[in-house]
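Coordinates from query.pdb are shown below (PDB, C-alpha atoms and all ligand atoms).
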```pdb
MODEL        1
ATOM      1  CA  MET A   1    -228.594 -68.668 -48.098
ATOM      2  CA  SER A   2    -226.748 -71.580 -49.587
ATOM      3  CA  ASN A   3    -223.215 -70.869 -48.347
ATOM      4  CA  SER A   4    -222.117 -72.365 -45.048
ATOM      5  CA  LYS A   5    -222.298 -70.234 -41.947
ATOM      6  CA  TYR A   6    -218.514 -70.160 -41.918
ATOM      7  CA  GLU A   7    -218.383 -68.756 -45.444
ATOM      8  CA  GLN A   8    -221.079 -66.174 -44.751
ATOM      9  CA  LEU A   9    -219.304 -65.005 -41.601
ATOM     10  CA  LYS A  10    -215.982 -64.949 -43.459
ATOM     11  CA  LYS A  11    -217.582 -62.684 -46.065
ATOM     12  CA  ILE A  12    -218.581 -60.276 -43.289
ATOM     13  CA  LYS A  13    -214.996 -60.312 -42.058
ATOM     14  CA  ASP A  14    -213.634 -59.575 -45.530
ATOM     15  CA  GLU A  15    -216.079 -56.702 -45.983
ATOM     16  CA  VAL A  16    -215.211 -55.154 -42.606
ATOM     17  CA  VAL A  17    -211.476 -55.507 -43.280
ATOM     18  CA  ALA A  18    -212.013 -53.527 -46.504
ATOM     19  CA  LEU A  19    -214.281 -50.879 -44.958
ATOM     20  CA  ILE A  20    -212.220 -47.890 -46.021
ATOM     21  CA  ASN A  21    -215.188 -45.520 -45.797
ATOM     22  CA  SER A  22    -215.354 -46.044 -42.030
ATOM     23  CA  PRO A  23    -214.259 -43.084 -39.884
ATOM     24  CA  LEU A  24    -212.405 -45.691 -37.778
ATOM     25  CA  TYR A  25    -210.474 -47.221 -40.692
ATOM     26  CA  GLU A  26    -207.490 -44.869 -40.648
ATOM     27  CA  TYR A  27    -207.070 -45.253 -36.892
ATOM     28  CA  ARG A  28    -207.144 -49.048 -37.309
ATOM     29  CA  VAL A  29    -204.442 -49.015 -39.989
ATOM     30  CA  LYS A  30    -202.262 -46.410 -38.256
ATOM     31  CA  ASN A  31    -202.226 -48.471 -35.055
ATOM     32  CA  LYS A  32    -201.821 -51.804 -36.861
ATOM     33  CA  ASN A  33    -205.095 -52.821 -35.241
ATOM     34  CA  LYS A  34    -207.516 -55.503 -36.346
ATOM     35  CA  PRO A  35    -211.264 -55.309 -36.754
ATOM     36  CA  VAL A  36    -213.095 -57.499 -34.238
ATOM     37  CA  ILE A  37    -215.809 -59.490 -35.949
ATOM     38  CA  GLY A  38    -216.985 -62.020 -33.384
ATOM     39  CA  GLN A  39    -216.019 -65.286 -31.776
ATOM     40  CA  GLY A  40    -217.681 -68.490 -30.710
ATOM     41  CA  ASP A  41    -220.084 -71.198 -31.802
ATOM     42  CA  HIS A  42    -221.719 -70.454 -35.166
ATOM     43  CA  ASN A  43    -224.742 -72.433 -33.944
ATOM     44  CA  ALA A  44    -224.860 -70.791 -30.526
ATOM     45  CA  LYS A  45    -228.236 -70.461 -28.841
ATOM     46  CA  ILE A  46    -227.071 -67.286 -27.173
ATOM     47  CA  MET A  47    -225.353 -64.282 -28.688
ATOM     48  CA  PHE A  48    -223.770 -61.573 -26.543
ATOM     49  CA  VAL A  49    -223.555 -58.147 -28.138
ATOM     50  CA  GLY A  50    -221.180 -55.568 -26.691
ATOM     51  CA  GLU A  51    -220.375 -52.069 -27.777
ATOM     52  CA  ALA A  52    -217.059 -51.788 -29.616
ATOM     53  CA  PRO A  53    -213.553 -53.264 -29.285
ATOM     54  CA  GLY A  54    -211.141 -51.794 -26.746
ATOM     55  CA  LYS A  55    -207.332 -51.745 -26.946
ATOM     56  CA  ASN A  56    -206.712 -55.441 -26.257
ATOM     57  CA  GLU A  57    -209.472 -56.496 -28.615
ATOM     58  CA  ALA A  58    -208.197 -54.301 -31.468
ATOM     59  CA  GLU A  59    -204.676 -55.684 -30.981
ATOM     60  CA  THR A  60    -205.802 -59.296 -31.122
ATOM     61  CA  GLY A  61    -209.038 -59.269 -33.149
ATOM     62  CA  VAL A  62    -210.740 -61.145 -30.293
ATOM     63  CA  PRO A  63    -213.847 -59.677 -28.600
ATOM     64  CA  PHE A  64    -213.831 -59.172 -24.845
ATOM     65  CA  CYS A  65    -210.274 -60.374 -24.275
ATOM     66  CA  GLY A  66    -209.290 -57.667 -21.749
ATOM     67  CA  ALA A  67    -210.464 -56.848 -18.237
ATOM     68  CA  ALA A  68    -214.175 -56.696 -19.163
ATOM     69  CA  GLY A  69    -213.740 -60.037 -20.927
ATOM     70  CA  ARG A  70    -212.413 -61.641 -17.762
ATOM     71  CA  VAL A  71    -215.587 -60.492 -16.007
ATOM     72  CA  LEU A  72    -217.665 -61.895 -18.862
ATOM     73  CA  ASP A  73    -215.897 -65.258 -18.520
ATOM     74  CA  GLU A  74    -216.576 -65.259 -14.794
ATOM     75  CA  LEU A  75    -220.253 -64.476 -15.384
ATOM     76  CA  LEU A  76    -220.480 -67.237 -17.986
ATOM     77  CA  ALA A  77    -218.774 -69.677 -15.604
ATOM     78  CA  SER A  78    -221.341 -68.770 -12.912
ATOM     79  CA  ILE A  79    -223.969 -70.433 -15.119
ATOM     80  CA  SER A  80    -221.640 -73.204 -16.305
ATOM     81  CA  LEU A  81    -221.091 -71.776 -19.783
ATOM     82  CA  LYS A  82    -217.852 -71.434 -21.687
ATOM     83  CA  ARG A  83    -216.986 -68.878 -24.348
ATOM     84  CA  GLN A  84    -216.880 -71.608 -27.000
ATOM     85  CA  GLU A  85    -220.543 -72.427 -26.343
ATOM     86  CA  VAL A  86    -221.833 -68.908 -27.016
ATOM     87  CA  TYR A  87    -221.184 -66.274 -29.696
ATOM     88  CA  VAL A  88    -219.713 -62.931 -28.651
ATOM     89  CA  THR A  89    -219.620 -59.833 -30.836
ATOM     90  CA  ASN A  90    -220.066 -56.054 -30.796
ATOM     91  CA  ILE A  91    -222.161 -53.541 -32.728
ATOM     92  CA  VAL A  92    -219.122 -51.562 -33.898
ATOM     93  CA  LYS A  93    -216.301 -53.745 -35.238
ATOM     94  CA  ASP A  94    -213.406 -51.262 -35.051
ATOM     95  CA  ARG A  95    -211.967 -49.580 -31.964
ATOM     96  CA  PRO A  96    -213.055 -45.969 -31.419
ATOM     97  CA  PRO A  97    -210.044 -43.796 -30.419
ATOM     98  CA  ASN A  98    -209.453 -43.621 -26.652
ATOM     99  CA  ASN A  99    -212.337 -46.016 -26.097
ATOM    100  CA  ARG A 100    -214.853 -43.228 -26.589
ATOM    101  CA  ASP A 101    -218.516 -44.138 -27.072
ATOM    102  CA  PRO A 102    -219.370 -45.168 -30.617
ATOM    103  CA  SER A 103    -221.029 -42.350 -32.580
ATOM    104  CA  PRO A 104    -224.509 -42.721 -34.110
ATOM    105  CA  GLN A 105    -222.865 -42.706 -37.571
ATOM    106  CA  GLU A 106    -220.506 -45.529 -36.571
ATOM    107  CA  ILE A 107    -223.418 -47.550 -35.220
ATOM    108  CA  GLU A 108    -225.303 -46.973 -38.472
ATOM    109  CA  LEU A 109    -222.311 -47.998 -40.578
ATOM    110  CA  TYR A 110    -221.408 -51.178 -38.676
ATOM    111  CA  SER A 111    -224.806 -52.430 -37.473
ATOM    112  CA  PRO A 112    -225.788 -54.099 -40.782
ATOM    113  CA  PHE A 113    -222.925 -56.545 -40.108
ATOM    114  CA  LEU A 114    -224.407 -57.365 -36.709
ATOM    115  CA  ILE A 115    -227.842 -57.866 -38.263
ATOM    116  CA  ARG A 116    -226.331 -60.288 -40.778
ATOM    117  CA  GLN A 117    -224.540 -62.143 -37.960
ATOM    118  CA  VAL A 118    -227.902 -62.552 -36.203
ATOM    119  CA  GLN A 119    -229.503 -63.814 -39.434
ATOM    120  CA  ILE A 120    -226.685 -66.325 -39.972
ATOM    121  CA  ILE A 121    -226.278 -67.616 -36.424
ATOM    122  CA  LYS A 122    -229.985 -67.425 -35.550
ATOM    123  CA  PRO A 123    -229.581 -67.335 -31.771
ATOM    124  CA  ALA A 124    -232.598 -68.003 -29.554
ATOM    125  CA  ILE A 125    -231.379 -65.315 -27.149
ATOM    126  CA  ILE A 126    -229.570 -62.041 -27.719
ATOM    127  CA  ALA A 127    -228.041 -60.758 -24.487
ATOM    128  CA  THR A 128    -227.038 -57.133 -24.909
ATOM    129  CA  LEU A 129    -224.086 -55.813 -22.920
ATOM    130  CA  GLY A 130    -224.528 -52.137 -22.103
ATOM    131  CA  ARG A 131    -226.978 -49.498 -23.203
ATOM    132  CA  PHE A 132    -225.742 -48.951 -26.758
ATOM    133  CA  SER A 133    -226.359 -52.518 -27.816
ATOM    134  CA  MET A 134    -229.587 -52.661 -25.783
ATOM    135  CA  ASP A 135    -230.974 -49.598 -27.574
ATOM    136  CA  PHE A 136    -229.854 -50.765 -30.989
ATOM    137  CA  VAL A 137    -231.075 -54.362 -30.679
ATOM    138  CA  MET A 138    -234.454 -53.445 -29.170
ATOM    139  CA  LYS A 139    -235.114 -50.848 -31.850
ATOM    140  CA  GLU A 140    -233.917 -53.048 -34.698
ATOM    141  CA  PHE A 141    -235.915 -56.102 -33.681
ATOM    142  CA  GLY A 142    -239.295 -54.450 -33.150
ATOM    143  CA  LEU A 143    -239.171 -53.785 -29.402
ATOM    144  CA  GLU A 144    -239.364 -49.962 -29.566
ATOM    145  CA  LYS A 145    -242.394 -49.863 -27.321
ATOM    146  CA  GLU A 146    -240.543 -51.683 -24.554
ATOM    147  CA  MET A 147    -237.470 -49.459 -24.683
ATOM    148  CA  GLY A 148    -236.331 -47.649 -21.566
ATOM    149  CA  LYS A 149    -233.438 -47.159 -19.202
ATOM    150  CA  ILE A 150    -231.022 -50.015 -18.654
ATOM    151  CA  SER A 151    -231.517 -49.628 -14.896
ATOM    152  CA  THR A 152    -235.155 -50.667 -15.456
ATOM    153  CA  LEU A 153    -234.761 -53.218 -18.246
ATOM    154  CA  HIS A 154    -231.670 -55.209 -17.195
ATOM    155  CA  GLY A 155    -232.302 -58.863 -16.433
ATOM    156  CA  LYS A 156    -235.716 -58.867 -18.135
ATOM    157  CA  SER A 157    -236.589 -60.824 -21.217
ATOM    158  CA  PHE A 158    -238.375 -59.416 -24.262
ATOM    159  CA  ILE A 159    -239.642 -61.656 -27.032
ATOM    160  CA  THR A 160    -239.401 -60.383 -30.591
ATOM    161  CA  SER A 161    -242.313 -61.031 -32.922
ATOM    162  CA  LYS A 162    -242.269 -63.921 -35.385
ATOM    163  CA  GLU A 163    -241.127 -61.707 -38.265
ATOM    164  CA  TYR A 164    -238.024 -60.961 -36.187
ATOM    165  CA  GLY A 165    -237.420 -64.622 -35.438
ATOM    166  CA  SER A 166    -239.182 -64.936 -32.042
ATOM    167  CA  MET A 167    -235.905 -64.361 -30.223
ATOM    168  CA  GLN A 168    -235.580 -63.406 -26.584
ATOM    169  CA  VAL A 169    -233.685 -60.182 -25.970
ATOM    170  CA  VAL A 170    -232.176 -59.872 -22.505
ATOM    171  CA  PRO A 171    -230.578 -56.510 -21.668
ATOM    172  CA  LEU A 172    -227.613 -56.767 -19.308
ATOM    173  CA  TYR A 173    -225.226 -54.215 -17.874
ATOM    174  CA  HIS A 174    -221.845 -54.020 -19.585
ATOM    175  CA  PRO A 175    -219.365 -56.310 -17.737
ATOM    176  CA  ALA A 176    -216.942 -53.367 -17.407
ATOM    177  CA  VAL A 177    -219.265 -51.858 -14.770
ATOM    178  CA  ALA A 178    -218.366 -54.746 -12.463
ATOM    179  CA  LEU A 179    -214.708 -53.672 -12.513
ATOM    180  CA  TYR A 180    -215.476 -50.551 -10.490
ATOM    181  CA  ASN A 181    -218.666 -51.373  -8.681
ATOM    182  CA  ALA A 182    -219.237 -54.468  -6.539
ATOM    183  CA  SER A 183    -222.991 -54.002  -6.337
ATOM    184  CA  GLN A 184    -223.244 -53.873 -10.142
ATOM    185  CA  LYS A 185    -221.310 -57.134 -10.234
ATOM    186  CA  LYS A 186    -223.865 -58.695  -7.891
ATOM    187  CA  THR A 187    -226.637 -57.445 -10.205
ATOM    188  CA  LEU A 188    -224.864 -58.946 -13.213
ATOM    189  CA  LEU A 189    -224.500 -62.280 -11.407
ATOM    190  CA  GLU A 190    -228.224 -62.234 -10.592
ATOM    191  CA  ASP A 191    -229.113 -61.348 -14.181
ATOM    192  CA  PHE A 192    -227.000 -64.260 -15.420
ATOM    193  CA  GLN A 193    -229.132 -66.523 -13.245
ATOM    194  CA  VAL A 194    -232.154 -65.188 -15.149
ATOM    195  CA  LEU A 195    -230.313 -66.051 -18.350
ATOM    196  CA  ALA A 196    -229.655 -69.574 -17.052
ATOM    197  CA  THR A 197    -233.365 -70.031 -16.358
ATOM    198  CA  ILE A 198    -234.282 -68.852 -19.870
ATOM    199  CA  ILE A 199    -231.676 -71.202 -21.362
ATOM    200  CA  SER A 200    -233.062 -74.126 -19.348
ATOM    201  CA  PHE A 201    -236.433 -73.664 -21.080
ATOM    202  CA  LEU A 202    -235.030 -73.667 -24.636
TER
HETATM  203  N1  LIG A 301    -216.065 -53.793 -24.491
HETATM  204  C1  LIG A 301    -216.933 -54.080 -25.487
HETATM  205  O1  LIG A 301    -218.047 -53.555 -25.551
HETATM  206  N2  LIG A 301    -216.541 -54.982 -26.389
HETATM  207  C2  LIG A 301    -215.369 -55.609 -26.361
HETATM  208  O2  LIG A 301    -215.109 -56.431 -27.240
HETATM  209  C3  LIG A 301    -214.501 -55.280 -25.308
HETATM  210  C4  LIG A 301    -214.863 -54.376 -24.384
ENDMDL
END
```

Would it be possible to restate this file's structure as structure tokens?
Amino acid sequence: MSNSKYEQLKKIKDEVVALINSPLYEYRVKNKNKPVIGQGDHNAKIMFVGEAPGKNEAETGVPFCGAAGRVLDELLASISLKRQEVYVTNIVKDRPPNNRDPSPQEIELYSPFLIRQVQIIKPAIIATLGRFSMDFVMKEFGLEKEMGKISTLHGKSFITSKEYGSMQVVPLYHPAVALYNASQKKTLLEDFQVLATIISFL
């Protein structure tokens, strides 16, 4: 790939903006929403992958800029990281109506953009936020055999084989769970400590 990372990521943005065959396209246009591509350091060692944009994200084009995003910032701060030092994105780049779960077809349509983002940014760690991104990332990057429930896999690290770039995949709960459940927040804080340890060995 000869183009700069910026240009390659810009191309993804242009393609998603023009994705008129998406079932979410009409809803985006009708609501004057924006697609949410991703934000952060194009050379980040760690990439966080959420599910799909919510209301605030679709209004601004910025991932995790609402209540769940404030939790994410707090979790990052707990291990002395700032948003600008990581890359944050989602599997699905447009907001599903009423924040419903993304459909399998939507995941299939948008996930090639995520795969390209991984190939461009080449993170050492992919931290998945929630079960949709955990399932997708583990399946896509050759970790089918390790797949299971998020309640079992959260806070563990799985190394992809060389052909998949020898990345570490760390499943985490979605930060939104911490908004309603203090014990889940404690778990997320503990899992971020695991992340900090993995980062310290990079
Ligand atoms: N939830 C997500 O999964 N992604 C966002 O960008 C915001 C909320």

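Taking only C-alpha atoms, the non-local environment of Thr187 in chain A within 12 Å (same-chain residues fewer than 2 positions away omitted) comprises Leu75, Ser151, His154, Gly155, Leu172, Tyr173, His174, Pro175, Val177, Ala178, Asn181, Ala182, Ser183, Gln184, Lys185, Leu189, Glu190, Asp191, Phe192, Gln193 and Val194 of chain A.
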
Chain A residues near ligand LIG 301 (chain A) within 12 Å, closest pair each, using only C-alpha atoms and all ligand atoms, as a Markdown table:
```
| residue | atom | partner | partner_atom | distance |
| --- | --- | --- | --- | --- |
| A:Lys34 | CA | A:LIG301 | O2 | 11.9 |
| A:Pro35 | CA | A:LIG301 | O2 | 10.3 |
| A:Val36 | CA | A:LIG301 | O2 | 7.4 |
| A:Ile37 | CA | A:LIG301 | O2 | 9.3 |
| A:Gly38 | CA | A:LIG301 | O2 | 8.5 |
| A:Gln39 | CA | A:LIG301 | O2 | 10.0 |
| A:Phe48 | CA | A:LIG301 | N2 | 9.8 |
| A:Val49 | CA | A:LIG301 | O1 | 7.6 |
| A:Gly50 | CA | A:LIG301 | O1 | 3.9 |
| A:Glu51 | CA | A:LIG301 | O1 | 3.5 |
| A:Ala52 | CA | A:LIG301 | O1 | 4.5 |
| A:Pro53 | CA | A:LIG301 | O2 | 4.1 |
| A:Gly54 | CA | A:LIG301 | C3 | 5.1 |
| A:Lys55 | CA | A:LIG301 | C3 | 8.2 |
| A:Asn56 | CA | A:LIG301 | C3 | 7.8 |
| A:Glu57 | CA | A:LIG301 | O2 | 5.8 |
| A:Ala58 | CA | A:LIG301 | O2 | 8.4 |
| A:Glu59 | CA | A:LIG301 | O2 | 11.1 |
| A:Thr60 | CA | A:LIG301 | O2 | 10.5 |
| A:Gly61 | CA | A:LIG301 | O2 | 8.9 |
| A:Val62 | CA | A:LIG301 | O2 | 7.1 |
| A:Pro63 | CA | A:LIG301 | O2 | 3.7 |
| A:Phe64 | CA | A:LIG301 | O2 | 3.9 |
| A:Cys65 | CA | A:LIG301 | C3 | 6.7 |
| A:Gly66 | CA | A:LIG301 | C3 | 6.7 |
| A:Ala67 | CA | A:LIG301 | C4 | 8.0 |
| A:Ala68 | CA | A:LIG301 | C4 | 5.8 |
| A:Gly69 | CA | A:LIG301 | C3 | 6.5 |
| A:Arg70 | CA | A:LIG301 | C3 | 10.1 |
| A:Val71 | CA | A:LIG301 | C4 | 10.4 |
| A:Leu72 | CA | A:LIG301 | C4 | 9.7 |
| A:Tyr87 | CA | A:LIG301 | O2 | 11.8 |
| A:Val88 | CA | A:LIG301 | O2 | 8.1 |
| A:Thr89 | CA | A:LIG301 | O2 | 6.7 |
| A:Asn90 | CA | A:LIG301 | N2 | 5.7 |
| A:Ile91 | CA | A:LIG301 | O1 | 8.3 |
| A:Val92 | CA | A:LIG301 | N2 | 8.6 |
| A:Lys93 | CA | A:LIG301 | O2 | 8.5 |
| A:Asp94 | CA | A:LIG301 | O2 | 9.5 |
| A:Arg95 | CA | A:LIG301 | O2 | 8.9 |
| A:Pro96 | CA | A:LIG301 | C1 | 10.8 |
| A:Asn99 | CA | A:LIG301 | N1 | 8.8 |
| A:Arg100 | CA | A:LIG301 | N1 | 10.8 |
| A:Asp101 | CA | A:LIG301 | O1 | 9.6 |
| A:Pro102 | CA | A:LIG301 | O1 | 9.9 |
| A:Thr128 | CA | A:LIG301 | O1 | 9.7 |
| A:Leu129 | CA | A:LIG301 | O1 | 7.0 |
| A:Gly130 | CA | A:LIG301 | O1 | 7.5 |
| A:Arg131 | CA | A:LIG301 | O1 | 10.1 |
| A:Phe132 | CA | A:LIG301 | O1 | 9.0 |
| A:Ser133 | CA | A:LIG301 | O1 | 8.7 |
| A:Met134 | CA | A:LIG301 | O1 | 11.6 |
| A:Leu172 | CA | A:LIG301 | O1 | 11.9 |
| A:Tyr173 | CA | A:LIG301 | O1 | 10.5 |
| A:His174 | CA | A:LIG301 | O1 | 7.1 |
| A:Pro175 | CA | A:LIG301 | N1 | 7.9 |
| A:Ala176 | CA | A:LIG301 | N1 | 7.2 |
| A:Val177 | CA | A:LIG301 | N1 | 10.4 |
| A:Leu179 | CA | A:LIG301 | C4 | 11.9 |
```

Wanna dump the range 21-115 of chain A-range 140-149 of chain A contacts at 12 Å for me, each residue with its shortest atom pair and the distance in Å to one decimal, counting all atoms listed in the file, ordered by chain and number, as CSV?
```
residue,atom,partner,partner_atom,distance
A:Ile91,CA,A:Glu140,CA,11.9
A:Ile107,CA,A:Glu140,CA,11.9
A:Glu108,CA,A:Glu140,CA,11.2
A:Ser111,CA,A:Glu140,CA,9.5
A:Pro112,CA,A:Glu140,CA,10.2
A:Leu114,CA,A:Glu140,CA,10.6
A:Ile115,CA,A:Glu140,CA,8.5
```

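Nearest to Ile46 in chain A of all the residues A:Ile20, A:Ile150, A:Val86, A:Met138 is A:Val86, based on only C-alpha atoms.
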
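Using all atoms listed in the file for every distance, the candidate list A:Val29, A:Lys186, A:Ile125, A:Leu76 yields A:Ile125 as the residue closest to Gly165 in chain A.
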
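Restricting the calculation to all atoms listed in the file, the smallest distance between Gln8 in chain A and any of A:Ser22, A:Gln117, A:Gln105, A:Ser200 is found for A:Gln117.
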
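One finds CA of Val169 in chain A at 5.6 Å from CA of Ser157 in chain A.
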
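CA of Thr197 in chain A is found 21.9 Å from CA of Lys162 in chain A.
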
key: For CA of Asn43 in chain A and CA of Asp135 in chain A, the interatomic separation in Å (one decimal)   = 24.5 Å

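Closest to Asn21 in chain A among A:Arg116, A:Ile126, A:Glu106, A:Leu153 is A:Glu106, based on all atoms listed in the file.
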
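Closest approach to Met167 in chain A from the set A:Leu195, A:Leu81, A:Lys45, A:Phe201 is made by A:Lys45, with distances taken over all atoms listed in the file.
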
If I wrap all listed atoms of range 12-21 of chain A in a box with edges along x, y and z and add 4 Å on each side, what are its centre and edge lengths in Å to one decimal, as JSON?
```
{"center_x": -215.0, "center_y": -52.9, "center_z": -44.3, "size_x": 15.1, "size_y": 22.8, "size_z": 12.4}
```

Given the block above, output range 109-118 of chain A with all heavy atoms as a compact mmCIF listing (two decimals), in the first residue's frame.
```txt
# COMPACT_ATOMS: atom_id res chain seq x y z
N LEU A 109 -21.98 -6.11 5.88
CA LEU A 109 -21.77 -5.00 4.94
C LEU A 109 -20.65 -4.05 5.39
O LEU A 109 -19.84 -3.58 4.58
CB LEU A 109 -23.08 -4.21 4.78
CG LEU A 109 -23.04 -3.01 3.85
CD1 LEU A 109 -22.91 -3.48 2.39
CD2 LEU A 109 -24.30 -2.17 4.00
N TYR A 110 -20.63 -3.75 6.71
CA TYR A 110 -19.67 -2.74 7.19
C TYR A 110 -18.33 -3.32 7.64
O TYR A 110 -17.34 -2.60 7.69
CB TYR A 110 -20.28 -1.96 8.37
CG TYR A 110 -21.34 -0.97 7.97
CD1 TYR A 110 -22.68 -1.32 7.92
CD2 TYR A 110 -20.99 0.34 7.62
CE1 TYR A 110 -23.67 -0.42 7.56
CE2 TYR A 110 -21.96 1.25 7.24
CZ TYR A 110 -23.30 0.87 7.22
OH TYR A 110 -24.25 1.79 6.85
N SER A 111 -18.29 -4.61 7.98
CA SER A 111 -17.05 -5.14 8.58
C SER A 111 -15.83 -5.08 7.67
O SER A 111 -14.71 -4.94 8.17
CB SER A 111 -17.27 -6.56 9.11
OG SER A 111 -17.74 -7.40 8.08
N PRO A 112 -15.98 -5.17 6.32
CA PRO A 112 -14.77 -5.03 5.50
C PRO A 112 -14.05 -3.70 5.74
O PRO A 112 -12.82 -3.61 5.62
CB PRO A 112 -15.29 -5.12 4.06
CG PRO A 112 -16.54 -5.94 4.18
CD PRO A 112 -17.16 -5.51 5.48
N PHE A 113 -14.79 -2.66 6.12
CA PHE A 113 -14.14 -1.37 6.42
C PHE A 113 -13.30 -1.50 7.70
O PHE A 113 -12.19 -0.97 7.78
CB PHE A 113 -15.18 -0.25 6.58
CG PHE A 113 -15.98 -0.01 5.33
CD1 PHE A 113 -17.32 -0.35 5.26
CD2 PHE A 113 -15.38 0.53 4.20
CE1 PHE A 113 -18.06 -0.14 4.11
CE2 PHE A 113 -16.10 0.74 3.03
CZ PHE A 113 -17.44 0.41 2.98
N LEU A 114 -13.83 -2.20 8.67
CA LEU A 114 -13.07 -2.41 9.91
C LEU A 114 -11.80 -3.22 9.62
O LEU A 114 -10.72 -2.89 10.12
CB LEU A 114 -13.94 -3.14 10.95
CG LEU A 114 -13.19 -3.58 12.21
CD1 LEU A 114 -12.72 -2.37 13.02
CD2 LEU A 114 -14.06 -4.48 13.07
N ILE A 115 -11.95 -4.26 8.80
CA ILE A 115 -10.78 -5.09 8.48
C ILE A 115 -9.71 -4.23 7.80
O ILE A 115 -8.52 -4.32 8.13
CB ILE A 115 -11.20 -6.29 7.59
CG1 ILE A 115 -12.14 -7.19 8.38
CG2 ILE A 115 -9.98 -7.07 7.10
CD1 ILE A 115 -12.87 -8.22 7.54
N ARG A 116 -10.14 -3.36 6.89
CA ARG A 116 -9.15 -2.47 6.25
C ARG A 116 -8.52 -1.53 7.27
O ARG A 116 -7.31 -1.24 7.21
CB ARG A 116 -9.83 -1.68 5.12
CG ARG A 116 -9.96 -2.52 3.84
CD ARG A 116 -10.96 -1.95 2.88
NE ARG A 116 -10.63 -0.61 2.37
CZ ARG A 116 -11.50 0.14 1.68
NH1 ARG A 116 -12.72 -0.31 1.42
NH2 ARG A 116 -11.15 1.33 1.24
N GLN A 117 -9.31 -1.02 8.20
CA GLN A 117 -8.74 -0.13 9.24
C GLN A 117 -7.66 -0.87 10.04
O GLN A 117 -6.62 -0.31 10.36
CB GLN A 117 -9.85 0.38 10.17
CG GLN A 117 -10.74 1.43 9.50
CD GLN A 117 -11.94 1.80 10.36
OE1 GLN A 117 -12.69 0.93 10.80
NE2 GLN A 117 -12.12 3.09 10.61
N VAL A 118 -7.93 -2.14 10.33
CA VAL A 118 -6.93 -2.94 11.08
C VAL A 118 -5.67 -3.09 10.23
O VAL A 118 -4.54 -2.94 10.72
CB VAL A 118 -7.52 -4.33 11.48
CG1 VAL A 118 -6.43 -5.24 12.05
CG2 VAL A 118 -8.66 -4.17 12.47
```
